[in-house]
Amino acid sequence: MDPPSSAPTDLSTVEQGELAKIRKHRLELLEDIERLKGEIAEVFAQIEDFESSAESKREQRDKQLSAGRKKFNMDPKKGILFLIERNLLKNNATDIAGFLYKGEGLNKTAIGDYLGERETLNLEVLQAFVECHEFSNLNLVQALRQFLWSFRLPGEAQKIDHRSEE
């Protein structure tokens, strides 16, 4: 690839010196290019590692969220506590209500049981849950239908009475 290192014979001594400098500079540039190729390859490897670690974090978060939903469906209080402990849900009524309102993978009966509890946080969550619904431009029957579609009333009359108070 490199031309012969001997200088053409028709060049003066000064020109041969310049040609030698140019060839030396060319070799230095080729070495720099190879070094940069190595650095670029290293950066691409780091990017791949970062992306795969971000994907694994996302997968881990999704698995924990799924486990939290399952726990919620078996025991609503424990499920919410599990999600809060793993920072998947903030410990405030608005976030918990939003989680219940979206209801992805949640048992409607479990949502109803959680909303029917008489503890302070549950009452705040119930209020925030009601606020998640959009009842404007609906008559009473439509609004009730929409609201009751988002959870199942528990079998206990006391809890049903509590919901109708709200």
# chains A, B, ... in the order shown; residues from 1 in each chain; ligands from 1
call {"tool": "residues_around", "arguments": {"residues": "segment 128-130 of chain A", "least_positions_apart": "6", "cutoff": "10 Å", "atoms": "only C-alpha atoms", "output": "NGL selection string"}}
result
:A and (92-101 or 115 or 122 or 147 or 150 or 166)
call {"tool": "select_by_dssp", "arguments": {"residues": "segment 47-128 of chain A", "states": "alpha helix (DSSP H)", "output": "PyMOL selection string"}}
result
chain A and resi 47-74+76-85+93-102+108-115+120-128
call {"tool": "atom_distance", "arguments": {"atom1": "atom CA of Gly105 of chain A", "atom2": "atom CA of Arg58 of chain A"}}
result
18.0 Å
call {"tool": "residues_around", "arguments": {"residues": "segment 59-68 of chain A", "least_positions_apart": "4", "cutoff": "12 Å", "atoms": "only C-alpha atoms", "output": "list of chain:residue names"}}
result
A:Ser52, A:Ser53, A:Ala54, A:Glu55, A:Phe72, A:Asn73, A:Met74, A:Asp75, A:Pro76, A:Lys77, A:Lys78, A:Gly79, A:Ile80, A:Leu81, A:Phe82, A:Leu83, A:Ile84, A:Glu85, A:Arg86, A:Asn87, A:Leu88, A:Leu89, A:Phe99, A:Glu104, A:Gly105, A:Leu106
call {"tool": "atom_distance", "arguments": {"atom1": "atom CA of Trp149 of chain A", "atom2": "atom CA of Lys108 of chain A"}}
result
8.6 Å
